[in-house]
Every structure is written in structure tokens, then in C-alpha cells.
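Reproduced below: input.txt, with compact mmCIF, C-alpha atoms and all ligand atoms.
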# COMPACT_ATOMS: atom_id res chain seq x y z
CA MET A 1 140.20 84.30 71.03
CA MET A 2 138.39 87.17 72.55
CA ARG A 3 134.75 86.66 73.40
CA ARG A 4 133.00 89.77 72.22
CA MET A 5 129.65 90.06 73.97
CA ARG A 6 128.76 93.06 71.86
CA ARG A 7 128.44 90.91 68.70
CA LEU A 8 124.91 89.94 69.69
CA ARG A 9 123.78 93.45 70.54
CA LYS A 10 122.92 94.50 66.99
CA PRO A 11 119.17 95.08 66.56
CA GLY A 12 118.01 91.78 64.97
CA LEU A 13 120.38 89.59 66.99
CA ARG A 14 119.52 91.42 70.16
CA ARG A 15 115.90 90.45 69.63
CA MET A 16 116.82 86.82 68.96
CA VAL A 17 118.79 86.38 72.16
CA ALA A 18 116.34 88.18 74.44
CA GLU A 19 115.67 85.90 77.41
CA THR A 20 112.52 87.59 78.64
CA ARG A 21 109.55 89.09 76.85
CA VAL A 22 106.51 90.47 78.54
CA SER A 23 103.38 89.49 76.68
CA THR A 24 99.84 90.82 76.97
CA ASP A 25 98.97 87.23 77.96
CA ASP A 26 100.82 87.78 81.25
CA LEU A 27 98.81 90.78 82.36
CA ILE A 28 95.91 91.26 84.76
CA MET A 29 94.25 94.68 84.78
CA PRO A 30 92.97 96.04 88.12
CA LEU A 31 89.69 97.97 87.83
CA PHE A 32 87.74 100.06 90.31
CA VAL A 33 83.96 100.10 90.25
CA ASP A 34 82.07 102.65 92.34
CA GLU A 35 78.42 102.11 93.24
CA ARG A 36 77.79 105.88 93.48
CA LEU A 37 78.90 106.78 89.98
CA LYS A 38 76.97 107.24 86.74
CA LYS A 39 80.09 108.15 84.76
CA PRO A 40 83.77 107.31 85.21
CA VAL A 41 85.87 109.67 87.35
CA GLU A 42 89.61 110.01 86.95
CA ILE A 43 91.82 109.06 89.88
CA GLY A 44 94.04 112.08 90.52
CA SER A 45 96.93 110.15 92.00
CA MET A 46 96.94 107.54 89.22
CA PRO A 47 97.16 109.27 85.83
CA GLY A 48 95.25 107.35 83.17
CA GLN A 49 93.15 105.36 85.69
CA SER A 50 89.50 105.88 86.59
CA ARG A 51 86.86 104.72 88.96
CA HIS A 52 84.09 103.23 86.90
CA SER A 53 80.33 103.12 86.98
CA LEU A 54 78.79 99.73 86.24
CA GLU A 55 78.22 100.69 82.62
CA SER A 56 81.62 102.26 82.00
CA LEU A 57 83.21 99.23 83.65
CA ALA A 58 81.43 96.89 81.25
CA ARG A 59 82.60 98.96 78.28
CA GLU A 60 86.15 99.04 79.60
CA VAL A 61 86.22 95.27 79.97
CA GLU A 62 84.94 94.92 76.39
CA ALA A 63 87.83 97.12 75.24
CA LEU A 64 90.31 95.05 77.25
CA GLU A 65 88.93 91.83 75.78
CA GLU A 66 89.33 93.31 72.31
CA LEU A 67 92.98 94.10 73.13
CA GLY A 68 93.60 90.51 74.21
CA ILE A 69 94.03 91.09 77.93
CA PRO A 70 93.23 87.77 79.59
CA ALA A 71 92.03 88.91 83.01
CA VAL A 72 90.80 91.73 85.22
CA ILE A 73 90.68 92.04 89.00
CA LEU A 74 87.79 94.00 90.49
CA PHE A 75 87.84 96.37 93.45
CA GLY A 76 84.50 97.68 94.66
CA LEU A 77 83.60 100.98 96.28
CA PRO A 78 80.26 100.56 98.01
CA GLU A 79 77.73 103.30 98.59
CA LYS A 80 77.62 102.55 102.31
CA LYS A 81 80.21 101.11 104.68
CA ASP A 82 79.61 99.59 108.11
CA GLU A 83 81.55 98.15 111.04
CA VAL A 84 81.62 94.61 109.66
CA GLY A 85 81.91 95.30 105.94
CA SER A 86 78.62 93.66 104.99
CA GLY A 87 78.74 95.18 101.49
CA ALA A 88 81.45 92.66 100.67
CA TRP A 89 79.10 89.65 100.72
CA ASP A 90 75.86 91.38 99.73
CA PRO A 91 74.43 89.45 96.74
CA ALA A 92 73.53 92.86 95.30
CA GLY A 93 76.90 94.35 96.31
CA ILE A 94 78.90 96.36 93.84
CA VAL A 95 81.45 93.70 92.91
CA GLN A 96 78.72 91.06 92.56
CA ARG A 97 76.72 93.33 90.25
CA ALA A 98 79.87 94.21 88.35
CA ALA A 99 80.74 90.55 87.77
CA GLU A 100 77.20 89.87 86.54
CA ARG A 101 77.23 92.90 84.28
CA ILE A 102 80.62 92.04 82.75
CA LYS A 103 79.43 88.52 81.97
CA GLU A 104 76.48 89.91 79.98
CA THR A 105 78.73 91.42 77.34
CA THR A 106 82.05 89.62 77.47
CA SER A 107 82.91 85.96 77.54
CA LYS A 108 86.67 85.57 77.30
CA VAL A 109 87.99 87.84 80.03
CA VAL A 110 88.68 86.07 83.31
CA VAL A 111 86.99 88.00 86.11
CA ILE A 112 88.86 87.84 89.41
CA ALA A 113 87.22 89.38 92.47
CA ASP A 114 89.53 90.96 95.01
CA LEU A 115 88.37 89.50 98.30
CA CYS A 116 88.83 91.79 101.28
CA LEU A 117 86.72 93.74 103.73
CA CYS A 118 88.74 96.97 103.84
CA GLU A 119 86.77 98.76 101.13
CA TYR A 120 83.53 97.91 102.95
CA THR A 121 84.36 98.58 106.60
CA SER A 122 83.83 102.02 108.14
CA HIS A 123 87.19 101.77 109.94
CA GLY A 124 89.00 100.65 106.78
CA HIS A 125 90.68 97.56 108.22
CA CYS A 126 90.67 94.18 106.47
CA GLY A 127 88.62 92.37 109.14
CA LEU A 128 86.40 92.61 112.19
CA ILE A 129 87.70 94.82 114.97
CA LYS A 130 87.90 93.64 118.57
CA ASN A 131 89.80 95.70 121.15
CA GLN A 132 91.33 97.90 118.46
CA GLU A 133 92.77 94.82 116.73
CA VAL A 134 91.72 92.93 113.63
CA ALA A 135 90.25 89.68 114.93
CA ASN A 136 91.57 86.93 112.71
CA ASP A 137 89.29 83.95 113.32
CA GLU A 138 86.07 85.97 113.53
CA THR A 139 86.91 87.45 110.13
CA LEU A 140 87.33 84.09 108.37
CA PRO A 141 83.63 83.16 107.99
CA LEU A 142 82.97 86.59 106.49
CA LEU A 143 85.66 85.98 103.89
CA GLY A 144 84.10 82.60 103.13
CA LYS A 145 80.67 84.18 102.64
CA THR A 146 82.15 86.87 100.43
CA ALA A 147 83.90 84.31 98.23
CA VAL A 148 80.68 82.36 97.76
CA SER A 149 78.68 85.46 96.83
CA GLN A 150 81.35 86.51 94.34
CA ALA A 151 81.37 83.06 92.75
CA MET A 152 77.57 83.04 92.60
CA ALA A 153 77.69 86.37 90.78
CA GLY A 154 79.92 84.84 88.12
CA ALA A 155 83.46 85.63 89.24
CA ASP A 156 85.90 83.15 87.69
CA GLY A 157 88.31 83.37 90.59
CA VAL A 158 88.77 85.04 93.97
CA ALA A 159 91.83 86.81 95.31
CA PRO A 160 91.95 87.17 99.09
CA SER A 161 94.13 90.17 99.97
CA GLY A 162 93.61 90.60 103.70
CA MET A 163 96.56 88.56 105.01
CA MET A 164 94.47 86.77 107.65
CA ASP A 165 95.97 83.50 108.87
CA HIS A 166 94.03 80.55 107.45
CA MET A 167 92.03 82.67 105.03
CA VAL A 168 92.73 80.38 102.10
CA ALA A 169 91.55 77.27 103.99
CA ALA A 170 88.36 79.05 105.11
CA ILE A 171 87.60 80.29 101.61
CA ARG A 172 88.36 76.93 99.97
CA ALA A 173 86.04 75.16 102.41
CA ALA A 174 83.24 77.70 101.92
CA LEU A 175 83.48 77.51 98.12
CA ASP A 176 83.59 73.71 98.12
CA ASP A 177 80.58 73.49 100.45
CA GLU A 178 78.51 75.60 98.09
CA GLY A 179 79.44 73.69 94.96
CA PHE A 180 82.18 75.99 93.73
CA SER A 181 85.04 73.54 93.91
CA ASP A 182 86.16 74.63 90.43
CA ILE A 183 86.72 78.28 91.40
CA PRO A 184 90.46 78.97 91.80
CA ILE A 185 92.04 81.03 94.56
CA LEU A 186 94.77 83.52 93.77
CA SER A 187 96.15 84.28 97.20
CA TYR A 188 97.93 87.50 98.06
CA ALA A 189 100.27 85.21 99.97
CA ALA A 190 103.26 87.48 100.57
CA LYS A 191 101.78 90.93 100.94
CA TYR A 192 103.97 93.51 102.60
CA ALA A 193 102.92 96.48 104.75
CA SER A 194 104.06 98.90 102.06
CA SER A 195 103.99 102.64 101.56
CA PHE A 196 103.65 101.94 97.84
CA TYR A 197 99.89 101.37 98.31
CA GLY A 198 99.41 105.11 98.90
CA PRO A 199 97.58 106.02 95.66
CA PHE A 200 95.36 102.91 95.90
CA ARG A 201 93.98 104.05 99.22
CA GLU A 202 92.80 107.22 97.51
CA ALA A 203 91.51 105.26 94.50
CA ALA A 204 89.56 102.73 96.55
CA GLU A 205 88.87 104.97 99.55
CA SER A 206 90.25 102.20 101.72
CA GLY A 207 92.38 104.27 104.09
CA TYR A 208 92.07 103.28 107.74
CA SER A 209 90.78 105.41 110.58
CA PHE A 210 93.31 104.24 113.20
CA GLY A 211 96.54 102.27 113.45
CA ASP A 212 98.09 100.71 110.37
CA ARG A 213 98.21 97.32 108.66
CA SER A 214 101.46 96.12 110.20
CA GLY A 215 99.53 93.73 112.47
CA TYR A 216 98.64 91.59 109.46
CA GLN A 217 100.74 92.60 106.46
CA MET A 218 104.40 91.57 106.33
CA ASP A 219 107.46 93.48 107.48
CA PRO A 220 109.51 94.64 104.44
CA ALA A 221 112.60 93.41 106.29
CA ASN A 222 111.60 89.76 105.96
CA ALA A 223 112.19 87.27 103.17
CA LEU A 224 112.17 83.83 104.80
CA GLU A 225 108.83 84.67 106.37
CA ALA A 226 107.44 85.11 102.85
CA LEU A 227 108.33 81.49 102.10
CA TRP A 228 106.31 80.43 105.15
CA GLU A 229 103.35 82.55 104.11
CA VAL A 230 103.41 81.07 100.63
CA ARG A 231 103.95 77.50 101.86
CA LEU A 232 100.99 77.72 104.23
CA ASP A 233 98.72 79.19 101.54
CA ILE A 234 99.67 76.40 99.15
CA GLU A 235 98.96 73.80 101.83
CA GLU A 236 95.59 75.44 102.47
CA GLY A 237 94.69 75.15 98.81
CA ALA A 238 95.85 78.27 96.95
CA ASP A 239 96.00 77.63 93.19
CA MET A 240 98.11 80.68 92.41
CA ILE A 241 100.16 82.80 94.73
CA MET A 242 101.09 86.45 94.68
CA VAL A 243 103.93 88.64 95.86
CA LYS A 244 103.03 92.29 96.43
CA PRO A 245 104.40 94.91 95.76
CA ALA A 246 106.52 93.77 92.83
CA MET A 247 109.61 95.80 92.06
CA PRO A 248 110.87 96.45 95.60
CA TYR A 249 110.37 92.69 96.24
CA LEU A 250 111.89 91.03 93.18
CA ASP A 251 114.11 88.91 95.41
CA ILE A 252 110.95 87.49 96.99
CA VAL A 253 109.40 86.78 93.59
CA ARG A 254 112.51 84.83 92.60
CA MET A 255 112.70 82.89 95.87
CA VAL A 256 109.02 81.97 95.78
CA LYS A 257 109.17 80.85 92.16
CA ASP A 258 112.31 78.75 92.71
CA GLU A 259 111.05 77.20 95.92
CA PHE A 260 107.52 76.25 94.87
CA GLY A 261 107.29 76.46 91.07
CA MET A 262 103.65 77.46 91.40
CA PRO A 263 101.83 79.85 89.09
CA THR A 264 103.24 83.04 90.54
CA ALA A 265 101.80 86.52 90.24
CA ALA A 266 103.39 89.82 91.18
CA TYR A 267 101.42 93.02 91.73
CA GLN A 268 102.95 96.20 90.35
CA VAL A 269 101.04 98.33 92.84
CA SER A 270 99.60 101.81 92.63
CA GLY A 271 102.72 103.54 93.97
CA GLU A 272 104.97 101.76 91.51
CA TYR A 273 102.68 102.88 88.70
CA SER A 274 102.23 106.44 89.91
CA MET A 275 105.95 107.04 90.49
CA ILE A 276 106.71 106.28 86.87
CA MET A 277 103.71 108.19 85.54
CA ALA A 278 104.50 111.25 87.67
CA ALA A 279 108.15 111.31 86.63
CA ALA A 280 107.11 110.88 82.99
CA GLU A 281 104.66 113.80 83.28
CA ARG A 282 107.55 115.95 84.43
CA GLY A 283 109.70 114.80 81.56
CA TRP A 284 112.17 113.17 83.94
CA LEU A 285 112.00 109.80 82.26
CA ASP A 286 110.44 108.11 79.27
CA GLY A 287 107.30 106.63 80.83
CA GLU A 288 106.68 103.99 78.22
CA ARG A 289 110.20 102.62 78.30
CA ALA A 290 110.39 102.79 82.08
CA MET A 291 107.13 100.87 82.37
CA CYS A 292 108.28 98.17 79.93
CA GLU A 293 111.58 97.89 81.77
CA ALA A 294 109.78 97.56 85.11
CA LEU A 295 107.46 94.87 83.76
CA THR A 296 110.41 93.03 82.18
CA SER A 297 112.27 93.03 85.48
CA ILE A 298 109.23 91.55 87.23
CA LYS A 299 108.89 88.79 84.65
CA ARG A 300 112.64 88.13 84.65
CA ALA A 301 112.45 87.66 88.43
CA GLY A 302 110.05 84.77 87.86
CA ALA A 303 106.52 86.16 87.74
CA ASP A 304 104.19 84.30 85.38
CA MET A 305 101.49 86.93 85.77
CA ILE A 306 101.68 90.63 86.51
CA LEU A 307 98.86 92.69 87.93
CA THR A 308 99.48 96.13 86.46
CA TYR A 309 97.54 99.34 85.88
CA TYR A 310 99.60 99.64 82.70
CA ALA A 311 98.03 96.52 81.14
CA LYS A 312 95.78 98.39 78.73
CA GLU A 313 98.51 100.75 77.53
CA PHE A 314 100.88 97.82 77.13
CA ALA A 315 98.37 95.87 75.07
CA ARG A 316 97.64 98.91 72.94
CA LYS A 317 101.22 99.94 72.23
CA GLY A 318 102.95 96.59 72.31
CA TRP A 319 106.49 95.98 73.28
CA GLU A 320 108.84 98.96 73.59
CA GLY A 321 112.28 97.49 74.25
C1 LIG A 401 93.18 95.71 100.00
C2 LIG A 401 94.16 95.95 98.92
C3 LIG A 401 95.15 96.95 98.84
C4 LIG A 401 95.73 96.81 97.58
C5 LIG A 401 95.11 95.75 96.95
N1 LIG A 401 94.15 95.22 97.79
C6 LIG A 401 95.49 98.02 99.78
C7 LIG A 401 96.05 97.70 101.09
O1 LIG A 401 96.29 96.55 101.45
O2 LIG A 401 96.26 98.65 101.84
C8 LIG A 401 96.82 97.69 97.03
C9 LIG A 401 96.89 97.79 95.54
C10 LIG A 401 97.69 98.89 95.02
O3 LIG A 401 98.33 99.69 95.76
O4 LIG A 401 97.73 99.03 93.79
N2 LIG A 401 93.47 94.77 100.94

Have the structure of the file written as C-alpha cells, please.
Amino acid sequence: MMRRMRRLRKPGLRRMVAETRVSTDDLIMPLFVDERLKKPVEIGSMPGQSRHSLESLAREVEALEELGIPAVILFGLPEKKDEVGSGAWDPAGIVQRAAERIKETTSKVVVIADLCLCEYTSHGHCGLIKNQEVANDETLPLLGKTAVSQAMAGADGVAPSGMMDHMVAAIRAALDDEGFSDIPILSYAAKYASSFYGPFREAAESGYSFGDRSGYQMDPANALEALWEVRLDIEEGADMIMVKPAMPYLDIVRMVKDEFGMPTAAYQVSGEYSMIMAAAERGWLDGERAMCEALTSIKRAGADMILTYYAKEFARKGWEG
């Protein structure tokens, strides 16, 4: 008897034996809100993506809710930056106002606030600077304050992305102290120092004025270290953990999922998005199919949730296998 694998590759059967399906339910849409804007402005390096004003952001979230997207993650661009990043915890800061505004007109979408100082500091680093270095422990109370102000504004969850040691513990304690023990933390636990963040730094104007982020983000060469990062974040109280970027780090997604079995997110970052969109614009590949294939690979590797700039398009067009 010859086992013929091709028997199950006819259209209907192929669908029936598919092991992985990306669903709109898995997706988290990143959104940029810019305090200086009255109207949305397209992001040149990320075709199809815009920086929003407060009003256009609210309308966009309504559209996403309508399409069944379960969650958004907010990145703020403040009018003014300073040395310490005080816009991050300002009760009238841009992300705080955005969370409040979204809650006025939508009720189902989960609003996650990205929690980092880099969009708010004049030097662009993710924490306080001392002697040309990001000072870990001095940064922690600022992250705690930021989390509390985001929760007070109505954020349903916070996502610390600065890769400071002990950030999850500091944020958990600050939230609990202020009566927000029910606010979950999605930790960017294994975040690599990646060139794939290039377009995001234009989108969020979060480029840095000196050095790089290799003093706090992980070395792409390391996998076992990611397990330590994730383990420590879980011990400190992370409810969900993230691997970022996604596609160049699918081995890490798989390891983390197998080792901990926690709700696991992967972030298909700006560069992953823009590469596909740029190649599609040139006619070098079919953008829609490439995007669905990329998202499928991320889910197949073990991600329960995918942060992707393609979420809206995916929800609109549905599955393209
Ligand atoms: C900020 C932050 C970055 C991203 C998410 N949060 C940039 C960075 O760390 O340099 C990247 C997202 C993307 O590229 O899509 N800490």
C-alpha cells in the first residue's frame, strides 16, 4: 500500500485537514495617536498605516470594533518631549486622553496601552539616562506611575516594552497599590534589539539621539536567554507574554509556548509589515497571500495572539489561503 499524501490536498479536503487557521479573534491592532494632529497623516514607510488625531483614532477603533477585532494597542506621540519622559504619566497625556476618548464611543474593544518612555523622552531611550546609560532602577517608579495613569484613563491592560529588569514587578505593585489589581500586564518579555523596528521609529518618532538599544534589548543570537526573560516576567506577575519581532524569532515563540504554556503573543513588527507591503507594491509578491502566510506561520509556531498592522485588512478580507 502506498500512502499518497496528495489525496488530502484537493480543495475541500485540504480545508478540513488544515491544522492552523488565523482568526480575527487572534489579532491586536497597533495604532498611533499624535497630540499635534487634527487629521490623520499617512506613515510613508508603512503603506496603509496612519498617525491619528484623537478624533480619527476614535473613528478607527469604532471601525475595528465593527470588524470584530478584539483589541488595539496604543502608541502616543506627545506634543512635547523632555529628559525624563513626563508625558508618559501625564493624566492629560496623549495616550490617557486617547483611552478616555475611545471608551466614550466603543465598549467591546480591549484597549492596551503600550508602556514605555521612549516616545516621550527627548533622547529617545526607554528610561532615565545617567552617565550615557539607561538607569534601570530609577526608571522603574516612572513605569509604575505611567501604568497607574493609563489604568485610571480606562486602559484595559498595559504592555511594558522597555525591557527594564524588574519592570513587571514594579508595575504590578504600583497597579495593585492604586486599586488596579484587575488590570492585566502583557509583557514584552523577549524583545530583541532588532533592525526590523526601523519603520516604527519613523512612525512613532522614537529614534534615539545616541547609542542604541542593545544595552537593554536582547541579542538576536540568544534563545535560552529568552526563556530566562520570560520566566522572570512570569514570576513577577506578567499575565501574558510577548516575543518580538515575530517571524525572524519563530523558534523563540515555539520554545516559550512549549516551556510555559502561557497566553503568548508575537509582534509582527513594522519592518516585517513594510517588507511585504513594499514588495507587493513592486509586484514582486502577492501581498495578501504573503501576509496570510506570515500570520499563519506565527500562529503555527505557537502564538495565541498576534500584534499586526495587517489586522484591519485581515478582518476585512478574511482568510486567503
Ligand atoms: C518602544 C517600542 C518599539 C516598538 C514597539 N514599542 C520600538 C523600539 O523598541 O525601538 C516596535 C514596534 C514595531 O516596529 O512595529 N519601546

So which residues touch region 278-294 of chain A within 10 Å, counting all atoms listed in the file, skipping near sequence neighbours fewer than 4 positions away, as a short mmCIF file (atom, residue, chain, number, x, y, z; two decimals) with C-alpha atoms, in the frame of the given file?
data_model
loop_
_atom_site.label_atom_id
_atom_site.label_comp_id
_atom_site.auth_asym_id
_atom_site.auth_seq_id
_atom_site.Cartn_x
_atom_site.Cartn_y
_atom_site.Cartn_z
CA ARG A 21 109.55 89.09 76.85
CA VAL A 22 106.51 90.47 78.54
CA SER A 45 96.93 110.15 92.00
CA MET A 46 96.94 107.54 89.22
CA PRO A 47 97.16 109.27 85.83
CA ALA A 246 106.52 93.77 92.83
CA MET A 247 109.61 95.80 92.06
CA GLN A 268 102.95 96.20 90.35
CA GLU A 272 104.97 101.76 91.51
CA TYR A 273 102.68 102.88 88.70
CA SER A 274 102.23 106.44 89.91
CA ILE A 298 109.23 91.55 87.23
CA LYS A 299 108.89 88.79 84.65
CA ARG A 300 112.64 88.13 84.65
CA THR A 308 99.48 96.13 86.46
CA TYR A 310 99.60 99.64 82.70
CA GLU A 313 98.51 100.75 77.53
CA PHE A 314 100.88 97.82 77.13
CA LYS A 317 101.22 99.94 72.23
CA GLY A 318 102.95 96.59 72.31
CA TRP A 319 106.49 95.98 73.28
CA GLU A 320 108.84 98.96 73.59
CA GLY A 321 112.28 97.49 74.25
#

Residues within 6 Å of ligand LIG 401 (chain A) (all atoms listed in the file), as a PDB file with C-alpha atoms, in the frame of the given file?
ATOM      1  CA  CYS A 116      88.830  91.790 101.280  1.00  0.00           C
ATOM      2  CA  CYS A 118      88.740  96.970 103.840  1.00  0.00           C
ATOM      3  CA  SER A 161      94.130  90.170  99.970  1.00  0.00           C
ATOM      4  CA  GLY A 162      93.610  90.600 103.700  1.00  0.00           C
ATOM      5  CA  TYR A 197      99.890 101.370  98.310  1.00  0.00           C
ATOM      6  CA  PHE A 200      95.360 102.910  95.900  1.00  0.00           C
ATOM      7  CA  VAL A 269     101.040  98.330  92.840  1.00  0.00           C
ATOM      8  CA  SER A 270      99.600 101.810  92.630  1.00  0.00           C
TER       9      SER A 270
END

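The space separating CA of Glu225 (chain A) from CA of Ala301 (chain A) comes to 18.5 Å.
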
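Take CA of Ser149 (chain A) and CA of Trp89 (chain A): the distance between them is 5.7 Å.
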
Atom pair CA of Ile171 (chain A) / CA of Ile241 (chain A): separation (Å): 14.5 Å

Please fill the gaps in region 225-236 of chain A so it has all heavy atoms, and write that as a short mmCIF file (atom, residue, chain, number, x, y, z; two decimals), keeping the file's coordinate frame.
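Written file, out33.cif:
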data_model
loop_
_atom_site.label_atom_id
_atom_site.label_comp_id
_atom_site.auth_asym_id
_atom_site.auth_seq_id
_atom_site.Cartn_x
_atom_site.Cartn_y
_atom_site.Cartn_z
N GLU A 225 110.22 84.70 105.93
CA GLU A 225 108.83 84.67 106.37
C GLU A 225 107.87 84.58 105.17
O GLU A 225 106.81 83.97 105.26
CB GLU A 225 108.54 85.93 107.19
CG GLU A 225 107.18 85.94 107.84
CD GLU A 225 106.86 87.31 108.47
OE1 GLU A 225 107.78 88.14 108.64
OE2 GLU A 225 105.68 87.52 108.76
N ALA A 226 108.29 85.17 104.05
CA ALA A 226 107.44 85.11 102.85
C ALA A 226 107.31 83.67 102.37
O ALA A 226 106.25 83.24 101.91
CB ALA A 226 108.03 85.98 101.74
N LEU A 227 108.40 82.89 102.51
CA LEU A 227 108.33 81.49 102.10
C LEU A 227 107.33 80.72 102.97
O LEU A 227 106.61 79.86 102.49
CB LEU A 227 109.71 80.83 102.18
CG LEU A 227 110.75 81.37 101.20
CD1 LEU A 227 112.07 80.62 101.36
CD2 LEU A 227 110.26 81.28 99.75
N TRP A 228 107.29 81.07 104.27
CA TRP A 228 106.31 80.43 105.15
C TRP A 228 104.89 80.81 104.76
O TRP A 228 104.00 79.96 104.69
CB TRP A 228 106.57 80.80 106.62
CG TRP A 228 107.61 79.92 107.22
CD1 TRP A 228 108.88 80.25 107.56
CD2 TRP A 228 107.45 78.52 107.50
NE1 TRP A 228 109.54 79.16 108.04
CE2 TRP A 228 108.69 78.08 108.03
CE3 TRP A 228 106.41 77.61 107.37
CZ2 TRP A 228 108.89 76.76 108.42
CZ3 TRP A 228 106.62 76.30 107.77
CH2 TRP A 228 107.85 75.89 108.28
N GLU A 229 104.69 82.09 104.51
CA GLU A 229 103.35 82.55 104.11
C GLU A 229 102.88 81.81 102.86
O GLU A 229 101.74 81.34 102.79
CB GLU A 229 103.37 84.06 103.82
CG GLU A 229 103.37 84.95 105.05
CD GLU A 229 101.99 85.00 105.73
OE1 GLU A 229 101.05 84.35 105.25
OE2 GLU A 229 101.87 85.70 106.75
N VAL A 230 103.78 81.71 101.89
CA VAL A 230 103.41 81.07 100.63
C VAL A 230 103.19 79.57 100.85
O VAL A 230 102.22 78.99 100.36
CB VAL A 230 104.48 81.33 99.55
CG1 VAL A 230 104.20 80.51 98.31
CG2 VAL A 230 104.53 82.82 99.21
N ARG A 231 104.09 78.95 101.60
CA ARG A 231 103.95 77.50 101.86
C ARG A 231 102.60 77.19 102.50
O ARG A 231 101.89 76.27 102.09
CB ARG A 231 105.10 77.01 102.75
CG ARG A 231 104.92 75.56 103.20
CD ARG A 231 106.12 75.03 103.98
NE ARG A 231 107.27 74.85 103.10
CZ ARG A 231 108.42 75.51 103.18
NH1 ARG A 231 108.60 76.41 104.13
NH2 ARG A 231 109.39 75.27 102.33
N LEU A 232 102.24 77.97 103.52
CA LEU A 232 100.99 77.72 104.23
C LEU A 232 99.80 77.91 103.29
O LEU A 232 98.85 77.12 103.30
CB LEU A 232 100.87 78.64 105.45
CG LEU A 232 101.87 78.30 106.57
CD1 LEU A 232 101.91 79.42 107.60
CD2 LEU A 232 101.51 76.97 107.23
N ASP A 233 99.85 78.96 102.47
CA ASP A 233 98.72 79.19 101.54
C ASP A 233 98.60 78.06 100.53
O ASP A 233 97.49 77.64 100.18
CB ASP A 233 98.88 80.54 100.82
CG ASP A 233 98.45 81.70 101.70
OD1 ASP A 233 98.21 81.47 102.90
OD2 ASP A 233 98.35 82.83 101.19
N ILE A 234 99.73 77.53 100.09
CA ILE A 234 99.67 76.40 99.15
C ILE A 234 99.06 75.18 99.85
O ILE A 234 98.18 74.51 99.31
CB ILE A 234 101.07 76.08 98.58
CG1 ILE A 234 101.55 77.24 97.69
CG2 ILE A 234 101.04 74.77 97.78
CD1 ILE A 234 103.00 77.14 97.27
N GLU A 235 99.51 74.94 101.08
CA GLU A 235 98.96 73.80 101.83
C GLU A 235 97.45 73.96 102.06
O GLU A 235 96.72 72.98 102.10
CB GLU A 235 99.67 73.67 103.19
CG GLU A 235 101.06 73.06 103.05
CD GLU A 235 101.87 73.13 104.35
OE1 GLU A 235 101.31 73.49 105.41
OE2 GLU A 235 103.08 72.85 104.28
N GLU A 236 97.02 75.20 102.23
CA GLU A 236 95.59 75.44 102.47
C GLU A 236 94.76 75.38 101.19
O GLU A 236 93.54 75.46 101.23
CB GLU A 236 95.40 76.82 103.13
CG GLU A 236 95.88 76.85 104.57
CD GLU A 236 95.81 78.26 105.17
OE1 GLU A 236 94.90 79.02 104.80
OE2 GLU A 236 96.68 78.57 105.98
#
